[in-house]
file query_33.txt (compact mmCIF, C-alpha atoms)
# COMPACT_ATOMS: atom_id res chain seq x y z
CA MET A 1 7.97 6.40 19.76
CA LEU A 2 11.48 5.48 18.68
CA ASN A 3 12.15 1.87 17.84
CA LYS A 4 13.06 -0.14 20.94
CA ALA A 5 13.57 -3.84 21.51
CA ASN A 6 10.37 -4.19 23.57
CA SER A 7 8.20 -1.97 21.36
CA GLN A 8 5.21 -3.07 19.33
CA ASP A 9 7.19 -2.03 16.24
CA ALA A 10 9.90 -4.53 17.17
CA VAL A 11 7.28 -7.25 17.69
CA TRP A 12 5.77 -6.64 14.27
CA ARG A 13 9.21 -6.54 12.64
CA GLN A 14 10.00 -9.93 14.12
CA ARG A 15 6.71 -11.43 12.96
CA ALA A 16 7.19 -9.90 9.50
CA LYS A 17 10.62 -11.47 9.10
CA ALA A 18 9.01 -14.90 9.24
CA VAL A 19 6.42 -14.36 6.52
CA VAL A 20 7.30 -11.23 4.47
CA PRO A 21 10.36 -11.02 2.18
CA ASN A 22 13.02 -8.87 3.89
CA GLY A 23 10.51 -8.17 6.64
CA VAL A 24 9.21 -5.28 4.54
CA TYR A 25 10.12 -4.92 0.87
CA GLY A 26 10.48 -2.06 -1.55
CA HIS A 27 10.57 1.66 -0.88
CA LEU A 28 8.67 1.48 2.43
CA SER A 29 11.36 -0.62 4.09
CA THR A 30 13.35 1.29 6.73
CA ARG A 31 16.52 -0.75 6.22
CA MET A 32 18.24 2.29 4.67
CA LEU A 33 16.90 4.79 7.20
CA PRO A 34 18.16 5.66 10.69
CA GLU A 35 17.79 2.74 13.06
CA ALA A 36 15.29 4.60 15.25
CA TYR A 37 12.71 4.99 12.49
CA PRO A 38 9.44 3.08 13.03
CA GLN A 39 8.58 0.52 10.38
CA PHE A 40 4.89 -0.02 11.14
CA PHE A 41 2.14 2.58 11.44
CA ALA A 42 -1.36 2.37 12.87
CA ARG A 43 -3.23 5.36 11.52
CA ALA A 44 -3.00 8.77 9.87
CA GLU A 45 -5.06 11.95 9.68
CA GLY A 46 -4.40 15.19 7.85
CA ALA A 47 -0.69 15.97 8.09
CA MET A 48 -0.06 13.44 10.87
CA ILE A 49 0.84 9.78 11.09
CA TRP A 50 1.02 7.56 14.17
CA ASP A 51 3.19 4.47 14.60
CA VAL A 52 2.04 1.25 16.26
CA ASP A 53 3.48 2.41 19.58
CA GLY A 54 1.42 5.60 19.56
CA GLY A 55 4.13 8.01 18.45
CA GLY A 56 2.73 10.82 16.30
CA TYR A 57 4.64 12.69 13.60
CA ILE A 58 4.18 15.47 11.10
CA ASP A 59 4.65 13.34 7.99
CA TYR A 60 6.64 15.13 5.32
CA MET A 61 6.87 11.94 3.26
CA CYS A 62 3.12 11.98 2.56
CA ALA A 63 3.24 8.21 1.89
CA PHE A 64 6.04 8.90 -0.63
CA GLY A 65 3.80 11.25 -2.58
CA PRO A 66 0.19 10.05 -2.88
CA ASN A 67 -1.04 12.29 -0.03
CA LEU A 68 -1.72 15.70 -1.61
CA PHE A 69 -4.86 16.74 0.29
CA GLY A 70 -4.08 15.20 3.66
CA TYR A 71 -4.68 11.74 5.03
CA GLY A 72 -8.34 10.80 5.33
CA ASP A 73 -9.77 13.74 3.40
CA ARG A 74 -13.49 13.37 4.05
CA GLU A 75 -14.83 14.47 0.65
CA ILE A 76 -12.39 12.31 -1.31
CA ASP A 77 -12.86 9.27 0.91
CA ASP A 78 -16.64 9.65 0.97
CA ALA A 79 -16.68 9.56 -2.84
CA TYR A 80 -14.52 6.42 -2.76
CA ILE A 81 -16.70 4.67 -0.17
CA ALA A 82 -19.96 5.60 -1.87
CA GLN A 83 -18.78 4.10 -5.16
CA LEU A 84 -17.34 1.06 -3.39
CA ARG A 85 -20.76 0.27 -1.96
CA ILE A 86 -22.51 0.29 -5.33
CA GLY A 87 -19.78 -1.22 -7.51
CA ASP A 88 -16.01 -1.17 -7.76
CA THR A 89 -14.32 -3.99 -9.69
CA LEU A 90 -16.99 -5.16 -12.11
CA THR A 91 -17.29 -7.14 -15.33
CA GLY A 92 -16.95 -3.90 -17.23
CA PRO A 93 -16.10 -0.29 -16.43
CA THR A 94 -18.50 2.27 -15.04
CA PRO A 95 -19.09 5.64 -16.73
CA LEU A 96 -16.59 7.09 -14.26
CA LEU A 97 -13.86 5.82 -16.61
CA VAL A 98 -15.05 8.24 -19.27
CA GLU A 99 -15.74 11.11 -16.87
CA LEU A 100 -12.25 10.88 -15.36
CA ALA A 101 -10.57 10.62 -18.77
CA GLU A 102 -12.47 13.75 -19.83
CA ALA A 103 -11.41 15.59 -16.68
CA MET A 104 -7.75 14.72 -17.08
CA VAL A 105 -7.65 15.50 -20.79
CA ALA A 106 -9.22 18.87 -20.04
CA GLN A 107 -6.54 19.63 -17.44
CA VAL A 108 -3.34 18.58 -19.21
CA SER A 109 -2.45 20.50 -22.36
CA HIS A 110 -0.85 17.73 -24.41
CA ALA A 111 -3.41 15.08 -23.51
CA GLU A 112 -6.09 13.90 -25.92
CA TRP A 113 -6.78 10.56 -24.28
CA ALA A 114 -6.16 8.77 -20.96
CA LEU A 115 -5.61 5.12 -20.02
CA PHE A 116 -5.87 4.15 -16.36
CA CYS A 117 -3.84 1.59 -14.46
CA LYS A 118 -2.68 1.14 -10.86
CA ASN A 119 1.02 1.87 -10.27
CA GLY A 120 3.57 4.26 -11.69
CA THR A 121 5.45 1.32 -13.18
CA ASP A 122 2.30 0.31 -15.08
CA ALA A 123 2.10 3.77 -16.59
CA THR A 124 5.75 4.26 -17.55
CA THR A 125 5.99 0.77 -19.02
CA ALA A 126 2.83 1.20 -21.09
CA ALA A 127 4.16 4.54 -22.36
CA VAL A 128 7.45 2.98 -23.46
CA MET A 129 5.59 0.10 -25.14
CA ALA A 130 3.32 2.52 -26.96
CA ALA A 131 6.28 4.54 -28.23
CA ARG A 132 7.96 1.42 -29.53
CA ALA A 133 4.75 0.23 -31.14
CA VAL A 134 4.00 3.49 -32.95
CA THR A 135 7.57 3.99 -34.19
CA GLY A 136 8.49 0.37 -34.88
CA ARG A 137 11.83 1.06 -33.14
CA ALA A 138 13.43 -0.15 -29.94
CA THR A 139 15.91 2.30 -28.41
CA ILE A 140 14.91 4.47 -25.46
CA LEU A 141 17.00 7.36 -24.10
CA ARG A 142 17.08 7.74 -20.31
CA ALA A 143 18.83 10.12 -17.92
CA ARG A 144 21.47 8.51 -15.73
CA GLY A 145 20.14 7.69 -12.29
CA SER A 146 16.53 8.29 -13.27
CA TYR A 147 13.84 6.19 -11.63
CA HIS A 148 10.87 5.02 -13.69
CA GLY A 149 9.61 2.06 -11.67
CA THR A 150 10.37 -1.58 -11.00
CA ALA A 151 9.64 -3.43 -14.27
CA PRO A 152 12.58 -5.43 -15.66
CA TRP A 153 13.47 -2.68 -18.15
CA CYS A 154 13.86 -0.01 -15.45
CA THR A 155 14.23 -1.52 -11.97
CA PRO A 156 17.24 0.02 -10.19
CA ARG A 157 18.33 -3.41 -8.96
CA PRO A 158 19.09 -5.74 -11.88
CA ALA A 159 18.75 -9.00 -9.89
CA GLY A 160 16.34 -11.31 -11.69
CA THR A 161 16.53 -9.48 -15.00
CA THR A 162 18.32 -10.41 -18.19
CA GLU A 163 20.55 -8.38 -20.48
CA ALA A 164 17.74 -8.46 -23.03
CA ASP A 165 15.27 -7.06 -20.50
CA ARG A 166 17.45 -4.01 -20.02
CA GLY A 167 18.64 -3.65 -23.58
CA HIS A 168 17.96 -0.99 -26.20
CA GLN A 169 18.62 1.87 -23.78
CA VAL A 170 21.10 4.72 -24.11
CA TRP A 171 21.94 7.01 -21.21
CA PHE A 172 22.48 10.75 -21.04
CA ASP A 173 23.09 13.35 -18.32
CA TYR A 174 20.03 15.24 -17.12
CA ASN A 175 19.85 18.90 -18.18
CA ASP A 176 22.88 18.42 -20.47
CA VAL A 177 21.84 19.18 -24.03
CA GLU A 178 25.09 17.97 -25.59
CA SER A 179 24.92 14.68 -23.68
CA LEU A 180 21.32 14.25 -24.85
CA ARG A 181 22.28 14.93 -28.47
CA ALA A 182 25.17 12.46 -28.24
CA ALA A 183 22.81 9.77 -26.92
CA ALA A 184 20.39 10.44 -29.76
CA ALA A 185 23.22 10.15 -32.28
CA GLN A 186 24.21 6.81 -30.74
CA ALA A 187 20.63 5.56 -31.07
CA GLY A 188 20.56 6.65 -34.71
CA GLY A 189 17.62 5.46 -36.76
CA ASP A 190 16.43 3.15 -33.97
CA LEU A 191 15.36 5.94 -31.60
CA ALA A 192 11.84 5.21 -30.35
CA ALA A 193 11.56 7.66 -27.45
CA ILE A 194 13.18 9.85 -24.87
CA ILE A 195 11.77 9.30 -21.38
CA ALA A 196 12.53 11.86 -18.71
CA THR A 197 11.35 12.96 -15.29
CA PRO A 198 10.18 16.58 -15.51
CA VAL A 199 12.28 17.34 -12.40
CA ASN A 200 15.54 15.52 -11.72
CA GLN A 201 14.80 13.71 -8.45
CA ASN A 202 17.54 11.13 -8.16
CA THR A 203 17.87 9.81 -4.63
CA PHE A 204 20.93 10.81 -2.57
CA LEU A 205 21.54 13.87 -4.80
CA ASP A 206 20.35 17.46 -4.85
CA GLN A 207 17.27 17.90 -7.00
CA GLU A 208 17.56 19.76 -10.27
CA MET A 209 14.95 21.75 -12.13
CA PRO A 210 15.00 21.35 -15.93
CA SER A 211 16.06 24.23 -18.11
CA ALA A 212 13.72 25.21 -20.93
CA GLU A 213 16.64 24.71 -23.33
CA TYR A 214 17.05 21.09 -22.22
CA ALA A 215 13.33 20.26 -22.38
CA GLN A 216 12.95 21.94 -25.76
CA ALA A 217 16.05 20.14 -27.08
CA ALA A 218 14.46 16.81 -26.14
CA ARG A 219 11.31 17.84 -27.98
CA ALA A 220 13.28 18.93 -31.06
CA ILE A 221 15.33 15.72 -31.15
CA CYS A 222 12.18 13.61 -31.09
CA ASP A 223 10.53 15.69 -33.78
CA ALA A 224 13.55 15.45 -36.05
CA ALA A 225 13.92 11.70 -35.55
CA GLY A 226 10.24 10.77 -35.68
CA ALA A 227 10.50 9.57 -32.09
CA LEU A 228 8.17 10.21 -29.14
CA LEU A 229 8.84 12.26 -26.01
CA ILE A 230 7.66 10.74 -22.72
CA THR A 231 7.54 12.55 -19.39
CA ASP A 232 7.29 10.62 -16.13
CA GLU A 233 5.03 12.79 -13.94
CA VAL A 234 4.28 9.99 -11.47
CA ARG A 235 6.05 11.77 -8.62
CA SER A 236 5.74 15.39 -9.71
CA GLY A 237 2.30 15.45 -11.28
CA PHE A 238 0.13 18.40 -10.15
CA ARG A 239 2.59 19.29 -7.39
CA VAL A 240 4.45 21.99 -9.34
CA VAL A 241 1.93 23.20 -11.92
CA ARG A 242 -1.65 22.26 -12.80
CA ASP A 243 -0.49 21.01 -16.19
CA GLY A 244 2.41 18.95 -17.41
CA ILE A 245 5.65 20.58 -16.25
CA TRP A 246 7.23 20.36 -19.69
CA ASP A 247 4.05 21.68 -21.33
CA VAL A 248 4.70 24.90 -19.44
CA LEU A 249 8.35 24.86 -20.59
CA GLY A 250 7.31 24.74 -24.23
CA ALA A 251 8.18 21.07 -24.72
CA PRO A 252 4.87 19.18 -24.60
CA PRO A 253 5.39 15.41 -24.55
CA ASP A 254 3.64 12.88 -26.72
CA LEU A 255 3.08 10.56 -23.76
CA SER A 256 3.08 11.09 -20.00
CA ALA A 257 2.83 8.83 -16.97
CA TRP A 258 0.92 9.90 -13.84
CA GLY A 259 0.16 8.42 -10.42
CA LYS A 260 0.62 9.00 -6.70
CA ALA A 261 -1.40 12.17 -6.00
CA ILE A 262 -4.10 11.83 -8.68
CA ALA A 263 -6.43 9.99 -6.27
CA ASN A 264 -4.94 11.19 -2.95
CA GLY A 265 -3.70 7.76 -1.94
CA HIS A 266 -6.33 5.59 -3.56
CA CYS A 267 -4.77 3.19 -6.03
CA LEU A 268 -4.71 4.76 -9.48
CA SER A 269 -2.23 5.76 -12.18
CA ALA A 270 -2.61 6.91 -15.75
CA VAL A 271 -1.00 7.24 -19.15
CA MET A 272 -1.97 10.27 -21.19
CA GLY A 273 -0.98 11.16 -24.70
CA ASN A 274 -1.61 12.98 -27.94
CA ALA A 275 -2.98 11.84 -31.29
CA LYS A 276 0.46 10.83 -32.54
CA ALA A 277 0.84 8.33 -29.68
CA ARG A 278 -2.69 6.96 -29.85
CA PRO A 279 -2.08 4.27 -32.48
CA GLY A 280 0.66 2.84 -30.27
CA ILE A 281 -1.36 2.74 -27.07
CA GLU A 282 -4.25 1.16 -28.96
CA GLU A 283 -2.02 -1.50 -30.54
CA ILE A 284 -0.33 -2.79 -27.37
CA PHE A 285 -2.15 -5.06 -24.92
CA VAL A 286 -2.05 -3.79 -21.37
CA THR A 287 -4.69 -4.46 -18.73
CA GLY A 288 -5.20 -5.63 -15.17
CA SER A 289 -7.89 -7.12 -12.99
CA TYR A 290 -8.22 -3.89 -11.03
CA TRP A 291 -7.35 -1.26 -13.64
CA PHE A 292 -11.01 -0.34 -14.20
CA ALA A 293 -11.97 -0.28 -10.49
CA ALA A 294 -14.47 2.54 -10.06
CA ALA A 295 -13.96 3.60 -6.44
CA SER A 296 -10.52 5.09 -6.98
CA MET A 297 -11.83 6.87 -10.07
CA ALA A 298 -14.59 8.43 -7.97
CA ALA A 299 -11.94 9.68 -5.55
CA SER A 300 -9.85 10.98 -8.42
CA LEU A 301 -12.76 12.99 -9.82
CA VAL A 302 -12.88 14.94 -6.55
CA VAL A 303 -9.12 15.45 -6.77
CA MET A 304 -9.39 16.69 -10.36
CA ASP A 305 -12.08 19.19 -9.36
CA ARG A 306 -9.60 20.63 -6.85
CA ILE A 307 -6.78 20.61 -9.37
CA LYS A 308 -8.98 22.59 -11.74
CA ASP A 309 -9.79 25.11 -9.00
CA GLY A 310 -6.10 25.66 -8.27
CA ALA A 311 -6.28 26.99 -4.70
CA TYR A 312 -4.46 23.89 -3.41
CA LEU A 313 -1.31 24.82 -5.35
CA ASP A 314 -1.12 28.26 -3.77
CA ARG A 315 -1.43 26.65 -0.35
CA ILE A 316 1.28 24.04 -0.73
CA ASN A 317 3.61 26.60 -2.31
CA ASP A 318 2.98 28.93 0.63
CA ILE A 319 3.61 26.26 3.26
CA GLY A 320 6.57 24.81 1.39
CA GLY A 321 8.08 28.27 0.95
CA LYS A 322 7.74 29.09 4.65
CA LEU A 323 9.31 25.77 5.58
CA ARG A 324 12.26 26.32 3.23
CA THR A 325 12.90 29.89 4.31
CA GLY A 326 12.58 28.99 7.98
CA LEU A 327 14.92 26.02 7.81
CA ASP A 328 17.51 28.06 5.91
CA GLU A 329 17.38 30.72 8.62
CA VAL A 330 17.66 28.21 11.47
CA ALA A 331 20.54 26.36 9.79
CA ALA A 332 22.39 29.63 9.16
CA ARG A 333 21.94 30.66 12.78
CA HIS A 334 23.69 27.45 13.82
CA GLY A 335 26.38 27.80 11.16
CA VAL A 336 25.38 24.53 9.51
CA GLY A 337 25.85 23.85 5.79
CA PHE A 338 22.37 22.76 4.77
CA ASN A 339 21.05 22.53 1.19
CA GLN A 340 17.40 22.48 0.19
CA THR A 341 16.70 21.74 -3.47
CA GLY A 342 13.84 21.11 -5.84
CA PRO A 343 10.40 22.70 -5.81
CA VAL A 344 9.29 23.90 -2.36
CA THR A 345 6.35 21.51 -2.70
CA MET A 346 8.75 18.55 -2.99
CA PRO A 347 11.73 19.46 -0.79
CA LEU A 348 14.96 17.53 -0.48
CA MET A 349 17.32 18.35 2.39
CA ARG A 350 21.01 17.50 2.58
CA PHE A 351 23.99 18.57 4.64
CA THR A 352 27.17 19.80 3.02
CA GLU A 353 30.34 17.75 3.57
CA ASP A 354 28.26 14.70 4.49
CA PRO A 355 29.13 12.04 1.89
CA ASP A 356 27.84 9.07 3.90
CA PHE A 357 24.85 11.00 5.30
CA ARG A 358 25.92 10.54 8.92
CA ALA A 359 24.95 14.13 9.75
CA GLY A 360 21.66 13.76 7.92
CA PHE A 361 20.84 10.53 9.72
CA PHE A 362 21.62 12.06 13.12
CA TRP A 363 19.62 15.22 12.42
CA CYS A 364 16.60 13.32 11.09
CA THR A 365 16.66 11.11 14.20
CA GLU A 366 16.65 14.20 16.40
CA MET A 367 13.71 15.56 14.42
CA LEU A 368 11.89 12.24 14.79
CA LYS A 369 12.30 12.42 18.57
CA GLN A 370 10.37 15.68 18.44
CA GLY A 371 7.56 14.36 16.26
CA VAL A 372 8.74 15.38 12.79
CA TYR A 373 9.17 12.67 10.16
CA LEU A 374 11.73 13.67 7.52
CA HIS A 375 13.83 11.68 5.08
CA PRO A 376 17.65 11.97 4.94
CA TRP A 377 18.13 11.19 1.24
CA HIS A 378 14.79 11.17 -0.60
CA ASN A 379 12.66 14.12 -1.61
CA MET A 380 9.65 14.87 0.56
CA PHE A 381 6.23 16.38 -0.09
CA ILE A 382 3.90 19.09 1.15
CA ASN A 383 0.14 18.53 1.43
CA THR A 384 -2.77 20.92 1.93
CA ALA A 385 -3.48 19.66 5.46
CA MET A 386 -0.20 21.21 6.59
CA GLY A 387 -0.44 24.65 8.08
CA ASP A 388 1.61 27.33 9.78
CA GLU A 389 1.44 25.41 13.05
CA HIS A 390 3.18 22.42 11.47
CA VAL A 391 5.90 24.64 10.05
CA GLU A 392 6.37 26.31 13.44
CA THR A 393 6.67 22.94 15.18
CA THR A 394 9.16 21.78 12.56
CA LEU A 395 11.33 24.90 12.91
CA LYS A 396 11.41 24.63 16.71
CA ALA A 397 12.45 20.99 16.39
CA ALA A 398 15.10 21.92 13.81
CA ASP A 399 16.58 24.52 16.15
CA LYS A 400 17.19 21.83 18.76
CA ALA A 401 18.31 19.26 16.20
CA PHE A 402 20.92 21.56 14.62
CA ALA A 403 22.26 22.39 18.08
CA ALA A 404 22.49 18.70 18.96
CA LEU A 405 24.26 17.97 15.69
CA ASN A 406 26.84 20.68 16.28
CA ARG A 407 27.69 19.16 19.66
CA VAL A 408 28.44 15.70 18.27
CA ARG A 409 29.21 16.06 14.57
CA ALA A 410 32.98 15.74 14.91
CA SER A 411 32.57 12.42 16.71
CA LEU A 412 29.82 10.83 14.61
CA PRO A 413 30.84 7.34 13.45
CA PRO A 414 30.64 6.29 9.78
CA ASN A 415 27.13 5.57 8.58
CA GLU A 416 26.86 1.85 7.88
CA ARG A 417 23.15 1.84 7.13
CA LEU A 418 23.79 2.75 3.48
CA GLY A 419 26.65 0.32 2.95
call {"tool": "encode", "arguments": {"input": "query_33.txt", "output": "structure tokens"}}
result
Amino acid sequence: MLNKANSQDAVWRQRAKAVVPNGVYGHLSTRMLPEAYPQFFARAEGAMIWDVDGGGYIDYMCAFGPNLFGYGDREIDDAYIAQLRIGDTLTGPTPLLVELAEAMVAQVSHAEWALFCKNGTDATTAAVMAARAVTGRATILRARGSYHGTAPWCTPRPAGTTEADRGHQVWFDYNDVESLRAAAAQAGGDLAAIIATPVNQNTFLDQEMPSAEYAQAARAICDAAGALLITDEVRSGFRVVRDGIWDVLGAPPDLSAWGKAIANGHCLSAVMGNAKARPGIEEIFVTGSYWFAAASMAASLVVMDRIKDGAYLDRINDIGGKLRTGLDEVAARHGVGFNQTGPVTMPLMRFTEDPDFRAGFFWCTEMLKQGVYLHPWHNMFINTAMGDEHVETTLKAADKAFAALNRVRASLPPNERLG
């Protein structure tokens, strides 16, 4: 159900404004989405999500990535619940800590150890700290526009941070070897690490796959300088390959950060690394009250069994490929300039000649009216609960939405939601 003044969603928004900062904070806030988008949801199952007014949608956001095997997967959730009933957050870890570390090390080529935490920010920050500790240096190289979390060193909004918090960083352009080399030269003998997302997934921009030359150049620069290479797999992990993406490109990192899908929505993230990085991760002090919680590890062990099997990846590539091909065909039939970028398992959709996203906002609203939840400027995700029927429904909705857009595009007002 679209947001209306007398809806339950509107009631909950009003109550939230009184007691929750900004009503809803962070990446789940709809303040930068079309006005019709629901803010509050009641339940989810498989590929579907329902808002508090009963509106159901095929959810291509997958909770912004954690949902890889569908909402409410019985086997994964049963493992979580069973462990929760016998012991979750305890005075010490359960053996599941060791079992999960073994499973992840066995799956990821560069990994020789694993440390578990809760959020992607925990993992990227610990990786940066470990690189600085092992090298005794400070400077980190980052791609412009890259997102690595919300700690003071990397939050995209600098409010509340100091110049020192955000210091010792040099920027380069993603996939640009010369820009990367220039940044390394600027860092000089103080280079501690290069941190990079394996896929360039900056918001508001087309996604970009890394070239092997770029990834291997980053590896070579670190080797020559005695620095460490860090990949941030929090968003992309196990959605493109069953290994680290840069491992497959011939540029295995020394450290990697993981999260989102590794427990199918249960709260868990991880840092993995090689022997070179181990002294650093063992020297720093990072911990948390819930970092050793066993229930999410039990869920993750089921996930890792499926990652090892590999059938899931064929499925999401098949569904993602059908969705991409179908949307391209429908857009072409309507004569609409429509770009889809990134892996088919993590699609991003943008309209050409749409600098303020007014066409994207209108089209996504039309899709929402027909029960399809898409995002106008952030990459989306495919999960294994999606099937041909969901793709078919999406393509039928897109046919109507493209037609509606063509009727009104010339008269669409400027988009003020992103101002």
call {"tool": "residues_near_point", "arguments": {"input": "query_33.txt", "point": "(-7.1, 23.1, -5.3)", "cutoff": "12 Å", "atoms": "all atoms listed in the file", "output": "JSON, numbers by chain"}}
result
{"A": [68, 69, 238, 239, 241, 242, 302, 303, 304, 305, 306, 307, 308, 309, 310, 311, 312, 313, 314, 315, 316, 317, 383, 384, 385]}
call {"tool": "closest_atom_pairs", "arguments": {"input": "query_33.txt", "of": "range 287-333 of chain A", "to": "range 118-129 of chain A", "cutoff": "9 Å", "atoms": "all atoms listed in the file", "output": "tab-separated table"}}
result
residue	atom	partner	partner_atom	distance
A:Gly288	CA	A:Lys118	CA	8.4
A:Tyr290	CA	A:Lys118	CA	7.5
A:Trp291	CA	A:Lys118	CA	5.9
call {"tool": "closest_residue", "arguments": {"input": "query_33.txt", "among": "A:Glu208, A:Asp78, A:Glu416, A:Asp51", "to": "Met346 in chain A", "atoms": "all atoms listed in the file"}}
result
A:Glu208
call {"tool": "atom_distance", "arguments": {"input": "query_33.txt", "atom1": "CA of Met61 in chain A", "atom2": "CA of Gly259 in chain A"}}
result
15.6 Å
call {"tool": "residues_near_point", "arguments": {"input": "query_33.txt", "point": "(-5.6, 13.0, 11.7)", "cutoff": "12 Å", "atoms": "all atoms listed in the file", "output": "count of residues only"}}
result
20
call {"tool": "build_atoms", "arguments": {"input": "query_33.txt", "residues": "range 4-17 of chain A", "atoms": "N, CA and C atoms", "output": "mmCIF file, in the coordinates of the input"}}
result
data_model
loop_
_atom_site.group_PDB
_atom_site.id
_atom_site.type_symbol
_atom_site.label_atom_id
_atom_site.label_comp_id
_atom_site.auth_asym_id
_atom_site.auth_seq_id
_atom_site.Cartn_x
_atom_site.Cartn_y
_atom_site.Cartn_z
ATOM 1 N N LYS A 4 12.374 0.490 19.821
ATOM 2 C CA LYS A 4 13.060 -0.140 20.940
ATOM 3 C C LYS A 4 12.791 -1.638 20.916
ATOM 4 N N ALA A 5 13.656 -2.386 21.586
ATOM 5 C CA ALA A 5 13.570 -3.840 21.510
ATOM 6 C C ALA A 5 12.244 -4.375 22.027
ATOM 7 N N ASN A 6 11.626 -3.701 22.998
ATOM 8 C CA ASN A 6 10.370 -4.190 23.570
ATOM 9 C C ASN A 6 9.154 -3.457 23.043
ATOM 10 N N SER A 7 9.308 -2.732 21.921
ATOM 11 C CA SER A 7 8.200 -1.970 21.360
ATOM 12 C C SER A 7 7.299 -2.859 20.516
ATOM 13 N N GLN A 8 6.089 -2.373 20.255
ATOM 14 C CA GLN A 8 5.210 -3.070 19.330
ATOM 15 C C GLN A 8 5.819 -3.114 17.923
ATOM 16 N N ASP A 9 6.521 -2.040 17.548
ATOM 17 C CA ASP A 9 7.190 -2.030 16.240
ATOM 18 C C ASP A 9 8.167 -3.187 16.134
ATOM 19 N N ALA A 10 8.933 -3.431 17.189
ATOM 20 C CA ALA A 10 9.900 -4.530 17.170
ATOM 21 C C ALA A 10 9.190 -5.880 17.071
ATOM 22 N N VAL A 11 8.056 -5.999 17.753
ATOM 23 C CA VAL A 11 7.280 -7.250 17.690
ATOM 24 C C VAL A 11 6.798 -7.500 16.272
ATOM 25 N N TRP A 12 6.267 -6.468 15.639
ATOM 26 C CA TRP A 12 5.770 -6.640 14.270
ATOM 27 C C TRP A 12 6.911 -6.870 13.287
ATOM 28 N N ARG A 13 8.050 -6.251 13.505
ATOM 29 C CA ARG A 13 9.210 -6.540 12.640
ATOM 30 C C ARG A 13 9.596 -8.002 12.730
ATOM 31 N N GLN A 14 9.613 -8.530 13.942
ATOM 32 C CA GLN A 14 10.000 -9.930 14.120
ATOM 33 C C GLN A 14 9.009 -10.866 13.459
ATOM 34 N N ARG A 15 7.722 -10.593 13.608
ATOM 35 C CA ARG A 15 6.710 -11.430 12.960
ATOM 36 C C ARG A 15 6.815 -11.321 11.439
ATOM 37 N N ALA A 16 7.092 -10.112 10.949
ATOM 38 C CA ALA A 16 7.190 -9.900 9.500
ATOM 39 C C ALA A 16 8.353 -10.670 8.895
ATOM 40 N N LYS A 17 9.451 -10.747 9.624
ATOM 41 C CA LYS A 17 10.620 -11.470 9.100
ATOM 42 C C LYS A 17 10.294 -12.908 8.751
#
